[in-house]
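Chemist: My structure is stored as coords29.txt, with compact mmCIF, C-alpha atoms.
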```
# COMPACT_ATOMS: atom_id res chain seq x y z
CA MET A 100 -58.50 146.63 -111.10
CA ASN A 101 -58.20 143.41 -109.13
CA ILE A 102 -60.15 140.15 -108.90
CA TYR A 103 -60.74 138.60 -105.52
CA GLU A 104 -61.95 135.10 -104.70
CA CYS A 105 -64.01 134.08 -101.69
CA ALA A 106 -61.97 131.53 -99.74
CA ILE A 107 -65.14 129.74 -98.63
CA CYS A 108 -66.94 129.20 -101.93
CA GLY A 109 -64.79 130.47 -104.78
CA PHE A 110 -67.09 133.34 -105.73
CA ARG A 111 -65.05 135.89 -107.66
CA TYR A 112 -65.41 139.62 -107.22
CA ASP A 113 -64.06 141.54 -110.19
CA GLU A 114 -63.53 145.20 -109.21
CA ALA A 115 -63.94 146.34 -112.82
CA ALA A 116 -67.33 144.62 -113.12
CA GLY A 117 -68.66 145.38 -109.63
CA LEU A 118 -71.90 143.65 -108.63
CA PRO A 119 -74.68 145.79 -110.11
CA GLU A 120 -77.35 143.28 -109.09
CA ASP A 121 -76.16 143.79 -105.51
CA GLY A 122 -76.02 147.59 -105.80
CA ILE A 123 -72.24 147.69 -106.17
CA ALA A 124 -71.15 149.82 -109.12
CA PRO A 125 -68.50 148.69 -111.57
CA GLY A 126 -65.11 149.94 -110.48
CA THR A 127 -65.84 149.65 -106.76
CA ARG A 128 -62.66 148.62 -104.94
CA TRP A 129 -62.89 145.68 -102.59
CA GLN A 130 -61.98 147.83 -99.58
CA ASP A 131 -64.87 150.18 -100.37
CA ILE A 132 -67.53 147.48 -100.25
CA PRO A 133 -69.60 147.86 -97.02
CA ASP A 134 -68.45 145.81 -94.06
CA ASP A 135 -71.87 144.18 -93.72
CA TRP A 136 -71.70 142.79 -97.27
CA LEU A 137 -72.25 139.05 -97.53
CA CYS A 138 -70.86 136.87 -100.30
CA PRO A 139 -73.79 136.43 -102.70
CA ASP A 140 -73.04 132.76 -103.27
CA CYS A 141 -72.34 131.45 -99.78
CA GLY A 142 -73.43 134.15 -97.34
CA VAL A 143 -70.15 134.46 -95.48
CA GLY A 144 -69.42 137.94 -94.15
CA LYS A 145 -66.84 140.28 -95.68
CA SER A 146 -64.81 140.49 -92.48
CA ASP A 147 -64.97 136.77 -91.78
CA PHE A 148 -62.67 135.43 -94.43
CA ASP A 149 -59.85 136.28 -96.74
CA MET A 150 -60.91 137.41 -100.13
CA VAL A 151 -57.87 136.10 -101.96
CA LEU A 152 -56.38 138.28 -104.67
CA VAL A 153 -56.27 136.16 -107.79
CA ALA A 154 -55.65 138.69 -110.53
CA MET B 48 -66.08 129.29 -64.13
CA THR B 49 -68.90 128.07 -66.31
CA ALA B 50 -68.66 124.80 -68.18
CA PRO B 51 -67.77 125.38 -71.83
CA LEU B 52 -69.77 125.53 -75.01
CA VAL B 53 -68.62 122.31 -76.69
CA VAL B 54 -68.79 121.99 -80.47
CA LEU B 55 -68.46 118.54 -82.02
CA GLY B 56 -67.00 118.93 -85.49
CA SER B 57 -64.46 121.25 -87.10
CA GLY B 58 -65.95 121.52 -90.56
CA LEU B 59 -67.52 124.64 -91.99
CA ALA B 60 -70.51 124.31 -89.66
CA GLY B 61 -68.57 123.77 -86.45
CA TYR B 62 -65.99 126.49 -87.02
CA THR B 63 -68.51 129.00 -88.38
CA LEU B 64 -70.72 128.48 -85.33
CA ALA B 65 -67.68 128.84 -83.06
CA ARG B 66 -66.59 132.04 -84.79
CA GLU B 67 -70.06 133.61 -84.75
CA PHE B 68 -70.48 132.70 -81.06
CA ARG B 69 -67.11 134.20 -80.15
CA LYS B 70 -68.06 137.50 -81.85
CA LEU B 71 -71.00 137.79 -79.45
CA ASP B 72 -69.50 136.16 -76.34
CA PRO B 73 -65.80 136.78 -75.76
CA THR B 74 -65.57 135.01 -72.42
CA THR B 75 -67.49 131.73 -72.17
CA PRO B 76 -65.00 128.86 -72.57
CA LEU B 77 -65.22 127.22 -75.96
CA VAL B 78 -64.07 123.74 -76.97
CA VAL B 79 -64.06 122.33 -80.52
CA VAL B 80 -63.70 118.55 -80.77
CA SER B 81 -62.61 117.07 -84.10
CA ARG B 82 -61.77 113.58 -85.21
CA ASP B 83 -59.36 114.89 -87.86
CA GLU B 84 -56.49 117.39 -87.69
CA ALA B 85 -59.02 120.22 -87.21
CA GLY B 86 -57.51 122.53 -89.79
CA PHE B 87 -60.00 125.09 -91.11
CA TYR B 88 -60.93 124.39 -94.72
CA SER B 89 -64.02 124.87 -96.85
CA LYS B 90 -65.65 121.78 -98.29
CA PRO B 91 -67.23 123.71 -101.20
CA MET B 92 -63.69 124.31 -102.44
CA LEU B 93 -62.86 120.59 -102.73
CA SER B 94 -64.76 120.13 -105.97
CA ASN B 95 -62.97 122.88 -107.87
CA ALA B 96 -59.54 122.58 -106.29
CA LEU B 97 -57.92 121.00 -109.37
CA ALA B 98 -58.96 123.94 -111.56
CA GLY B 99 -57.52 126.29 -108.97
CA LYS B 100 -54.34 124.17 -108.78
CA LYS B 101 -54.77 123.95 -105.03
CA SER B 102 -52.89 121.28 -103.16
CA PRO B 103 -54.48 119.55 -100.18
CA ALA B 104 -52.16 121.53 -97.90
CA SER B 105 -53.10 124.86 -99.45
CA LEU B 106 -56.80 124.08 -98.98
CA VAL B 107 -56.31 124.29 -95.21
CA MET B 108 -56.67 128.00 -94.55
CA LYS B 109 -55.68 127.84 -90.88
CA PRO B 110 -54.27 124.95 -88.83
CA ALA B 111 -55.89 123.96 -85.57
CA ALA B 112 -53.42 125.89 -83.43
CA THR B 113 -54.22 129.14 -85.25
CA MET B 114 -57.94 128.49 -84.95
CA ALA B 115 -57.52 127.91 -81.23
CA THR B 116 -55.77 131.25 -80.83
CA ASP B 117 -58.13 133.16 -83.12
CA LEU B 118 -61.20 131.75 -81.39
CA ASN B 119 -59.78 131.78 -77.87
CA ALA B 120 -60.83 128.15 -77.77
CA THR B 121 -59.48 124.73 -76.96
CA VAL B 122 -59.32 122.61 -80.11
CA LEU B 123 -59.14 118.86 -79.47
CA ALA B 124 -57.94 117.33 -82.73
CA ARG B 125 -57.81 113.60 -83.50
CA SER B 126 -60.51 113.09 -80.85
CA SER B 127 -63.62 111.01 -81.42
CA VAL B 128 -66.66 111.13 -79.17
CA ALA B 129 -67.85 107.82 -77.75
CA ALA B 130 -71.02 108.98 -76.01
CA ILE B 131 -73.17 111.90 -74.92
CA ASP B 132 -74.89 111.93 -71.52
CA THR B 133 -77.58 114.55 -71.92
CA ALA B 134 -78.78 114.30 -68.33
CA ALA B 135 -75.32 114.82 -66.84
CA ARG B 136 -74.39 117.24 -69.64
CA ARG B 137 -71.19 115.39 -70.34
CA ILE B 138 -69.49 113.83 -73.34
CA THR B 139 -67.04 110.95 -73.20
CA LEU B 140 -64.22 110.77 -75.73
CA ASP B 141 -62.91 107.53 -77.22
CA ASP B 142 -59.87 107.71 -74.95
CA GLY B 143 -62.12 107.75 -71.89
CA GLN B 144 -61.71 111.45 -71.16
CA GLY B 145 -64.90 113.16 -69.97
CA LEU B 146 -65.90 116.72 -70.77
CA ALA B 147 -68.72 118.63 -69.14
CA TYR B 148 -70.64 121.13 -71.25
CA ARG B 149 -72.87 124.12 -70.65
CA ASP B 150 -74.30 123.61 -74.12
CA LEU B 151 -73.39 121.09 -76.79
CA VAL B 152 -73.48 121.70 -80.55
CA LEU B 153 -73.47 118.75 -82.93
CA ALA B 154 -71.81 119.74 -86.22
CA LEU B 155 -70.98 116.21 -87.27
CA GLY B 156 -71.68 116.43 -90.98
CA ALA B 157 -72.83 113.61 -93.20
CA ASP B 158 -71.34 110.40 -94.57
CA PRO B 159 -71.11 109.68 -98.28
CA ILE B 160 -73.58 106.95 -99.16
CA ARG B 161 -71.59 103.90 -100.21
CA LEU B 162 -73.25 101.02 -101.96
CA PRO B 163 -71.78 97.60 -101.18
CA LEU B 164 -70.15 96.42 -104.40
CA PRO B 165 -68.97 92.97 -105.32
CA GLY B 166 -65.60 92.50 -106.93
CA ASP B 167 -62.01 92.34 -105.79
CA ALA B 168 -61.43 96.10 -106.14
CA ALA B 169 -64.48 97.39 -104.30
CA ASP B 170 -62.20 98.79 -101.60
CA ARG B 171 -60.61 101.08 -104.19
CA VAL B 172 -63.77 103.13 -104.68
CA LEU B 173 -63.07 106.64 -103.44
CA SER B 174 -65.42 109.21 -102.03
CA VAL B 175 -64.44 112.78 -101.27
CA ASN B 176 -66.32 114.34 -98.38
CA ASP B 177 -63.59 115.99 -96.34
CA ILE B 178 -60.05 117.27 -96.56
CA ASP B 179 -58.46 113.90 -95.72
CA ASP B 180 -60.50 112.18 -98.44
CA TYR B 181 -59.42 114.90 -100.84
CA ALA B 182 -55.74 114.34 -100.02
CA ARG B 183 -56.10 110.59 -100.79
CA PHE B 184 -57.93 111.41 -104.03
CA ALA B 185 -55.32 113.95 -105.13
CA GLN B 186 -52.54 111.46 -104.41
CA ARG B 187 -54.25 108.79 -106.52
CA LEU B 188 -54.52 111.12 -109.52
CA ASP B 189 -50.91 110.63 -110.59
CA GLY B 190 -50.94 108.93 -113.95
CA VAL B 191 -54.72 108.75 -114.10
CA GLN B 192 -56.11 109.28 -117.59
CA ARG B 193 -59.63 107.93 -117.22
CA ALA B 194 -61.97 108.28 -114.26
CA CYS B 195 -65.47 107.04 -113.58
CA ILE B 196 -67.82 108.91 -111.29
CA LEU B 197 -70.83 107.25 -109.75
CA GLY B 198 -73.61 109.80 -109.51
CA ALA B 199 -74.58 112.62 -111.86
CA GLY B 200 -75.74 114.85 -109.02
CA LEU B 201 -74.24 118.13 -107.93
CA ILE B 202 -71.01 116.70 -106.49
CA GLY B 203 -70.48 114.20 -109.30
CA CYS B 204 -70.86 116.83 -112.01
CA GLU B 205 -68.60 119.30 -110.19
CA PHE B 206 -65.84 116.70 -109.81
CA ALA B 207 -66.25 115.64 -113.44
CA ASN B 208 -65.77 119.24 -114.58
CA ASP B 209 -62.81 119.67 -112.23
CA LEU B 210 -61.04 116.51 -113.42
CA LEU B 211 -60.92 117.98 -116.93
CA HIS B 212 -58.38 120.48 -115.61
CA ARG B 213 -56.02 117.61 -114.88
CA GLY B 214 -56.38 116.18 -118.35
CA VAL B 215 -58.52 113.31 -117.06
CA ALA B 216 -61.41 112.04 -119.20
CA PRO B 217 -64.34 111.44 -116.83
CA THR B 218 -67.32 109.19 -117.41
CA VAL B 219 -70.28 109.88 -115.14
CA LEU B 220 -72.71 107.06 -114.42
CA ASP B 221 -76.20 107.37 -113.01
CA LEU B 222 -79.41 105.35 -112.84
CA ALA B 223 -81.35 108.53 -113.64
CA ASP B 224 -81.77 109.65 -117.22
CA ARG B 225 -80.14 113.09 -116.85
CA PRO B 226 -77.75 115.03 -114.61
CA LEU B 227 -79.02 116.76 -111.45
CA ALA B 228 -82.38 115.12 -112.06
CA ARG B 229 -83.62 115.99 -108.57
CA LEU B 230 -82.70 119.66 -108.73
CA LEU B 231 -83.09 120.80 -112.34
CA PRO B 232 -85.87 120.81 -114.94
CA ALA B 233 -85.19 118.61 -117.96
CA ALA B 234 -84.19 121.47 -120.29
CA ALA B 235 -81.55 122.65 -117.82
CA SER B 236 -80.24 119.10 -117.27
CA LEU B 237 -79.94 118.71 -121.01
CA ARG B 238 -78.01 121.94 -121.40
CA LEU B 239 -75.66 120.95 -118.56
CA ARG B 240 -75.11 117.56 -120.15
CA GLU B 241 -74.39 119.09 -123.56
CA ARG B 242 -71.94 121.65 -122.20
CA LEU B 243 -70.11 119.14 -120.02
CA ALA B 244 -69.99 116.67 -122.90
CA ALA B 245 -68.54 119.33 -125.21
CA ALA B 246 -65.87 119.94 -122.58
CA GLY B 247 -64.97 116.25 -122.45
CA VAL B 248 -67.27 114.57 -119.91
CA ALA B 249 -68.91 111.33 -121.03
CA PHE B 250 -72.22 110.23 -119.49
CA ARG B 251 -73.90 106.83 -119.16
CA PHE B 252 -77.45 107.09 -117.89
CA GLY B 253 -79.84 104.37 -116.77
CA VAL B 254 -76.98 102.22 -115.44
CA ALA B 255 -75.42 101.29 -112.13
CA VAL B 256 -72.15 99.56 -111.35
CA ALA B 257 -72.62 95.85 -110.65
CA ARG B 258 -69.05 94.95 -109.72
CA VAL B 259 -65.54 96.40 -109.59
CA ASP B 260 -62.45 94.31 -110.25
CA GLY B 261 -58.77 95.13 -110.52
CA GLU B 262 -56.90 94.72 -113.78
CA PRO B 263 -53.33 93.61 -114.18
CA GLY B 264 -51.47 96.88 -114.66
CA GLY B 265 -53.40 98.69 -111.94
CA GLY B 266 -56.60 99.80 -113.61
CA LEU B 267 -60.19 98.95 -112.75
CA ARG B 268 -62.78 97.04 -114.72
CA LEU B 269 -66.39 97.94 -114.01
CA GLN B 270 -69.25 95.69 -114.92
CA LEU B 271 -72.42 97.72 -115.43
CA SER B 272 -76.03 96.76 -114.82
CA ASP B 273 -76.73 96.61 -118.57
CA GLY B 274 -74.07 93.94 -118.99
CA SER B 275 -71.46 96.22 -120.54
CA ALA B 276 -67.98 96.77 -119.15
CA LEU B 277 -65.96 99.93 -118.61
CA GLN B 278 -62.26 100.22 -117.93
CA THR B 279 -60.98 103.08 -115.89
CA ASP B 280 -58.07 104.22 -113.74
CA LEU B 281 -60.02 105.68 -110.82
CA LEU B 282 -63.53 105.31 -109.45
CA LEU B 283 -65.17 108.09 -107.44
CA SER B 284 -68.50 107.57 -105.72
CA ALA B 285 -70.75 110.64 -105.36
CA ILE B 286 -74.23 109.23 -104.94
CA GLY B 287 -75.45 111.22 -101.96
CA LEU B 288 -74.96 112.01 -98.30
CA ARG B 289 -76.45 110.53 -95.16
CA PRO B 290 -76.47 112.79 -92.07
CA ARG B 291 -74.42 111.40 -89.19
CA THR B 292 -77.07 110.57 -86.62
CA ASP B 293 -75.67 107.54 -84.78
CA LEU B 294 -74.12 109.43 -81.87
CA ALA B 295 -77.29 111.44 -81.38
CA ALA B 296 -79.53 108.37 -81.62
CA ALA B 297 -77.40 106.50 -79.07
CA ALA B 298 -77.83 109.46 -76.73
CA GLY B 299 -81.58 109.24 -77.03
CA LEU B 300 -82.04 112.30 -79.27
CA GLN B 301 -84.80 112.33 -81.83
CA VAL B 302 -83.44 111.50 -85.28
CA GLU B 303 -85.14 111.01 -88.61
CA ARG B 304 -83.26 111.58 -91.83
CA GLY B 305 -81.04 113.93 -89.79
CA ILE B 306 -80.80 114.99 -86.17
CA VAL B 307 -84.17 116.60 -85.58
CA VAL B 308 -83.99 120.27 -84.61
CA ASP B 309 -86.48 123.11 -84.49
CA ARG B 310 -86.15 126.71 -85.60
CA HIS B 311 -83.83 127.33 -82.65
CA LEU B 312 -81.62 124.48 -83.83
CA ALA B 313 -82.53 122.75 -80.55
CA THR B 314 -82.60 118.96 -80.42
CA SER B 315 -84.97 116.96 -78.28
CA ALA B 316 -82.54 117.21 -75.34
CA PRO B 317 -82.05 120.45 -73.40
CA HIS B 318 -78.73 122.20 -74.01
CA VAL B 319 -78.01 120.14 -77.13
CA HIS B 320 -78.18 121.74 -80.59
CA ALA B 321 -77.27 120.63 -84.09
CA LEU B 322 -76.47 122.40 -87.36
CA GLY B 323 -75.00 121.76 -90.78
CA ASP B 324 -75.16 118.58 -92.82
CA CYS B 325 -76.11 116.43 -89.80
CA ALA B 326 -79.21 118.45 -88.96
CA GLN B 327 -82.80 118.19 -90.10
CA VAL B 328 -84.27 121.64 -89.50
CA GLU B 329 -88.08 121.78 -89.39
CA GLY B 330 -88.08 118.78 -91.70
CA HIS B 331 -85.47 120.15 -94.12
CA CYS B 332 -82.06 118.62 -94.80
CA LEU B 333 -80.19 121.21 -96.87
CA PRO B 334 -76.50 120.32 -97.11
CA TYR B 335 -75.48 123.64 -98.63
CA VAL B 336 -73.60 126.71 -97.47
CA LEU B 337 -76.31 129.40 -97.40
CA PRO B 338 -78.51 127.43 -94.96
CA LEU B 339 -75.42 126.71 -92.86
CA MET B 340 -74.62 130.42 -92.53
CA GLN B 341 -78.21 131.21 -91.54
CA GLN B 342 -78.14 128.43 -88.94
CA ALA B 343 -74.77 129.43 -87.48
CA ARG B 344 -75.75 133.07 -87.00
CA ALA B 345 -79.10 132.27 -85.38
CA LEU B 346 -77.68 129.57 -83.12
CA ALA B 347 -74.71 131.68 -82.07
CA ALA B 348 -77.05 134.47 -81.01
CA SER B 349 -79.21 132.04 -79.04
CA LEU B 350 -76.20 130.50 -77.32
CA ALA B 351 -74.91 133.98 -76.49
CA GLY B 352 -78.11 134.73 -74.63
CA ARG B 353 -80.41 136.21 -77.28
CA PRO B 354 -82.84 133.49 -78.45
CA THR B 355 -83.05 133.88 -82.21
CA PRO B 356 -85.27 131.73 -84.38
CA LEU B 357 -83.86 130.72 -87.72
CA SER B 358 -85.50 131.94 -90.88
CA TYR B 359 -84.98 130.26 -94.23
CA PRO B 360 -85.44 132.62 -97.16
CA ALA B 361 -85.15 131.13 -100.64
CA MET B 362 -81.49 130.10 -100.82
CA PRO B 363 -80.18 129.38 -104.33
CA VAL B 364 -77.66 126.59 -104.72
CA ILE B 365 -74.61 127.24 -106.89
CA VAL B 366 -73.46 124.38 -109.10
CA LYS B 367 -69.76 124.92 -109.71
CA THR B 368 -69.50 123.54 -113.21
CA PRO B 369 -67.56 126.21 -115.14
CA ALA B 370 -68.49 124.48 -118.41
CA CYS B 371 -72.08 125.52 -117.65
CA PRO B 372 -72.37 127.90 -114.65
CA THR B 373 -75.64 127.04 -112.91
CA VAL B 374 -77.73 128.38 -110.04
CA VAL B 375 -80.82 126.53 -108.87
CA CYS B 376 -83.54 127.29 -106.37
CA PRO B 377 -85.65 124.12 -106.53
CA PRO B 378 -89.37 124.38 -105.77
CA PRO B 379 -90.61 122.41 -102.74
CA GLY B 380 -91.23 118.73 -103.47
CA ASP B 381 -94.99 119.09 -103.26
CA ALA B 382 -95.20 122.35 -105.20
CA VAL B 383 -97.82 122.59 -107.93
CA GLY B 384 -96.79 124.46 -111.06
CA ASP B 385 -95.03 124.32 -114.38
CA TRP B 386 -91.54 125.02 -115.59
CA GLN B 387 -91.29 127.87 -118.09
CA ILE B 388 -88.02 127.81 -119.98
CA SER B 389 -86.34 130.42 -122.13
CA GLN B 390 -82.85 129.97 -123.46
CA ASP B 391 -80.48 131.06 -126.13
CA GLU B 392 -76.86 130.41 -126.94
CA THR B 393 -75.60 132.41 -123.96
CA GLY B 394 -77.89 131.33 -121.14
CA LEU B 395 -81.03 129.72 -119.80
CA GLU B 396 -83.74 130.92 -117.45
CA ALA B 397 -86.20 128.41 -116.04
CA ARG B 398 -89.05 129.56 -113.81
CA PHE B 399 -91.31 127.23 -111.84
CA VAL B 400 -94.61 129.08 -111.78
CA ALA B 401 -97.72 128.27 -109.74
CA PRO B 402 -101.15 128.35 -111.37
CA ASP B 403 -101.73 131.75 -109.72
CA GLY B 404 -98.55 133.10 -111.29
CA ARG B 405 -96.30 133.04 -108.21
CA LEU B 406 -92.68 132.09 -108.69
CA LEU B 407 -91.93 128.98 -106.64
CA GLY B 408 -88.46 128.07 -107.91
CA PHE B 409 -85.97 128.73 -110.68
CA ALA B 410 -82.82 127.63 -112.44
CA LEU B 411 -80.37 129.92 -114.22
CA MET B 412 -77.45 129.07 -116.46
CA GLY B 413 -74.73 130.99 -118.22
CA SER B 414 -75.45 134.66 -118.84
CA ALA B 415 -78.70 134.42 -116.82
CA THR B 416 -77.02 133.58 -113.51
CA PRO B 417 -76.73 137.22 -112.32
CA ARG B 418 -80.54 137.28 -112.07
CA LYS B 419 -80.46 134.96 -109.07
CA GLN B 420 -80.80 137.59 -106.36
CA ALA B 421 -83.71 139.29 -108.10
CA LEU B 422 -85.53 135.99 -108.58
CA ALA B 423 -84.74 134.69 -105.10
CA THR B 424 -86.60 137.61 -103.53
CA GLN B 425 -89.75 136.55 -105.39
CA VAL B 426 -89.64 132.93 -104.23
CA PRO B 427 -91.48 132.31 -100.93
CA ALA B 428 -89.34 131.66 -97.88
CA LEU B 429 -89.25 128.07 -96.64
CA PHE B 430 -90.13 129.49 -93.22
```
Kindly transcribe the structure held in the file into structure tokens.
Modeler:
Amino acid sequence: MNIYECAICGFRYDEAAGLPEDGIAPGTRWQDIPDDWLCPDCGVGKSDFDMVLVA
Amino acid sequence: MTAPLVVLGSGLAGYTLAREFRKLDPTTPLVVVSRDEAGFYSKPMLSNALAGKKSPASLVMKPAATMATDLNATVLARSSVAAIDTAARRITLDDGQGLAYRDLVLALGADPIRLPLPGDAADRVLSVNDIDDYARFAQRLDGVQRACILGAGLIGCEFANDLLHRGVAPTVLDLADRPLARLLPAAASLRLRERLAAAGVAFRFGVAVARVDGEPGGGLRLQLSDGSALQTDLLLSAIGLRPRTDLAAAAGLQVERGIVVDRHLATSAPHVHALGDCAQVEGHCLPYVLPLMQQARALAASLAGRPTPLSYPAMPVIVKTPACPTVVCPPPGDAVGDWQISQDETGLEARFVAPDGRLLGFALMGSATPRKQALATQVPALF
């Protein structure tokens, strides 16, 4: 499971943890997150930036 | 061929607006004018770049040439604007070049507030508000062991936390009696102070710097308003931002604290809009990323032919202090209510509750931060 970091604000998405408060189950791969998902910290769109693989 | 959409500024606001516009309108010519090198970077990343071991070069995600290709735009780097003629719909650059516009977007940002300081080293006070500032700051860090930061606000506390990752011992100074005094309730400020202090940040409250002098050997000697002295290797000023309104004011646009715009991000002159840190939207100056994204999407739609009023839901602000992760949604300045605090070793939840029980604001720390989306939906929209 990978960890990705939003290049705009540094928010980290941990695939193992998911984002339950956003309706994204633990274990959800980054590529399976809906295209209209917005970064919960800064609002940038999924397709608009590189989510940088950090771990 | 139509005159272009001209965007003044290549920060997060300018480039986000340009990108959102291009998604909706692939053909109208687009020009981005920037006084710096116009590389695409994200200012929110400057205050945690040391922890991420990011060099100034690596903070630039795309150089200007790539942005120009990606956006199908002309990017004029190292170009300052001398004047705007709103009647003729034309800007004049510092080099005398004129540029006609169909619509003009001001994304000029804000200047760090700098207090005039006596002393022979006052010119060595740094502020970090853009990528070029950051490069100067990073270069000055070599050999620095002690740093002083003026301002215990959001930026000051983030930089203090970040400097710890370079083995620098920061001291944060503020006239207020606690960190983030304007955004956080006292209990949350106290927790932030304790956690940052445990991590190595020193605080001096109720003081200002009275003068800055150089020391033989290269350091700085600060004289404080209480008569005491502090020696340090580097001084960073983070006491607030002032929207850049001079160009707009000279062009006859209405300005107050920021460039005055309405819910369509329209200024007082036809075909001129403003967004980001330079803008005052329906009375609000919110120099944060969530408002910027809302503005950019609404304005892009309007400029692409679909007038779209901006809406401002409750937009929590993230404070990037890993020693004490914090999210705050401050209540409006005139809100009536009380802070209700609950905290334990792992986290803190502070709710600002109106007499009728409505949630008007909140602050979350540590293990409580994931509750921010759930709480934000309960807080009334600004408009």
Chemist: Write down, as number ranges by chain, each residue of chain A that has any atom within 6 Å of an atom of chain B, counting all atoms listed in the file.
Modeler: A: 107-108, 141-142
Chemist: Using all atoms listed in the file, determine which residues lie at most 9 Å from segment 281-295 of chain B, disregarding the query and same-chain residues fewer than 6 positions distant; provide the list as JSON, numbers by chain.
Modeler: {"B": [128, 129, 130, 131, 153, 155, 156, 157, 158, 159, 160, 161, 162, 171, 172, 173, 174, 175, 176, 184, 187, 188, 191, 192, 193, 194, 195, 196, 197, 198, 199, 200, 201, 202, 203, 206, 221, 266, 267, 301, 302, 303, 304, 305, 306, 324, 325, 326, 327, 332, 334]}
Chemist: Mind giving me the straight-line distance from atom CA of Asn208 of chain B to atom CA of Glu262 of chain B in Å, one decimal?
Modeler: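 Atom-to-atom, atom CA of Asn208 of chain B to atom CA of Glu262 of chain B, that is 26.1 Å.
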Chemist: Using Å and a single decimal, report how far atom CA of Val79 of chain B sits from atom CA of Gln342 of chain B.
Modeler: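 Distance reported for this atom pair: 17.5 Å.
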Chemist: Quick check, in Å to one decimal: how far apart do atom CA of Pro356 of chain B and atom CA of Gly122 of chain A lie?
Modeler: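 Computed distance, atom CA of Pro356 of chain B to atom CA of Gly122 of chain A, equals 28.2 Å.
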Chemist: I need the residue nearest Arg225 of chain B from this list: B:Arg149, B:Arg238, B:Arg213, B:Arg398. Use all atoms listed in the file for the distance.
Modeler: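 Counting all atoms listed in the file, the residue closest to Arg225 of chain B is B:Arg238.
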Chemist: Would you kindly return, as an MDAnalysis selection string, each protein, DNA or RNA residue with an atom no farther than 10 Å from any atom of Val78 of chain B, considering only C-alpha atoms and excluding same-chain residues fewer than 2 positions away?
Modeler: chainID B and resid 50:55 65 75:76 80:81 115 118:123 146 148 151
Chemist: For Asn101 of chain A, which residue out of A:Gly126, A:Lys145, A:Asp140, A:Asp121 is the nearest one, using only C-alpha atoms?
Modeler: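 Looking at the shortest contact to Asn101 of chain A, the residue is A:Gly126.
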Chemist: Nearest to Gly109 of chain A: which of B:Ala98, B:Val375, B:Ala234, B:Ala428 is it, counting only C-alpha atoms?
Modeler: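 Going through B:Ala98, B:Val375, B:Ala234, B:Ala428 one by one, the smallest distance to Gly109 of chain A is for B:Ala98.
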Chemist: Could you pull the residues within 7 Å of Tyr112 of chain A, counting only C-alpha atoms, minus those fewer than 6 positions along the same chain, as a PyMOL selection string?
Modeler: chain A and resi 102-104
Chemist: Output the selection as a JSON list (two decimals), keeping the file's coordinate frame - C-alpha atoms for each residue.
Modeler:
```json
[["chain", "number", "residue", "atom", "x", "y", "z"],
["A", 102, "ILE", "CA", -60.15, 140.15, -108.90],
["A", 103, "TYR", "CA", -60.74, 138.60, -105.52],
["A", 104, "GLU", "CA", -61.95, 135.10, -104.70]]
```
Chemist: I'd like to know which of B:Leu164, B:Met48, B:Val366, B:Met114 is closest to Met412 of chain B, using only C-alpha atoms.
Modeler: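 Residue with the minimum atom-to-atom distance to Met412 of chain B: B:Val366.
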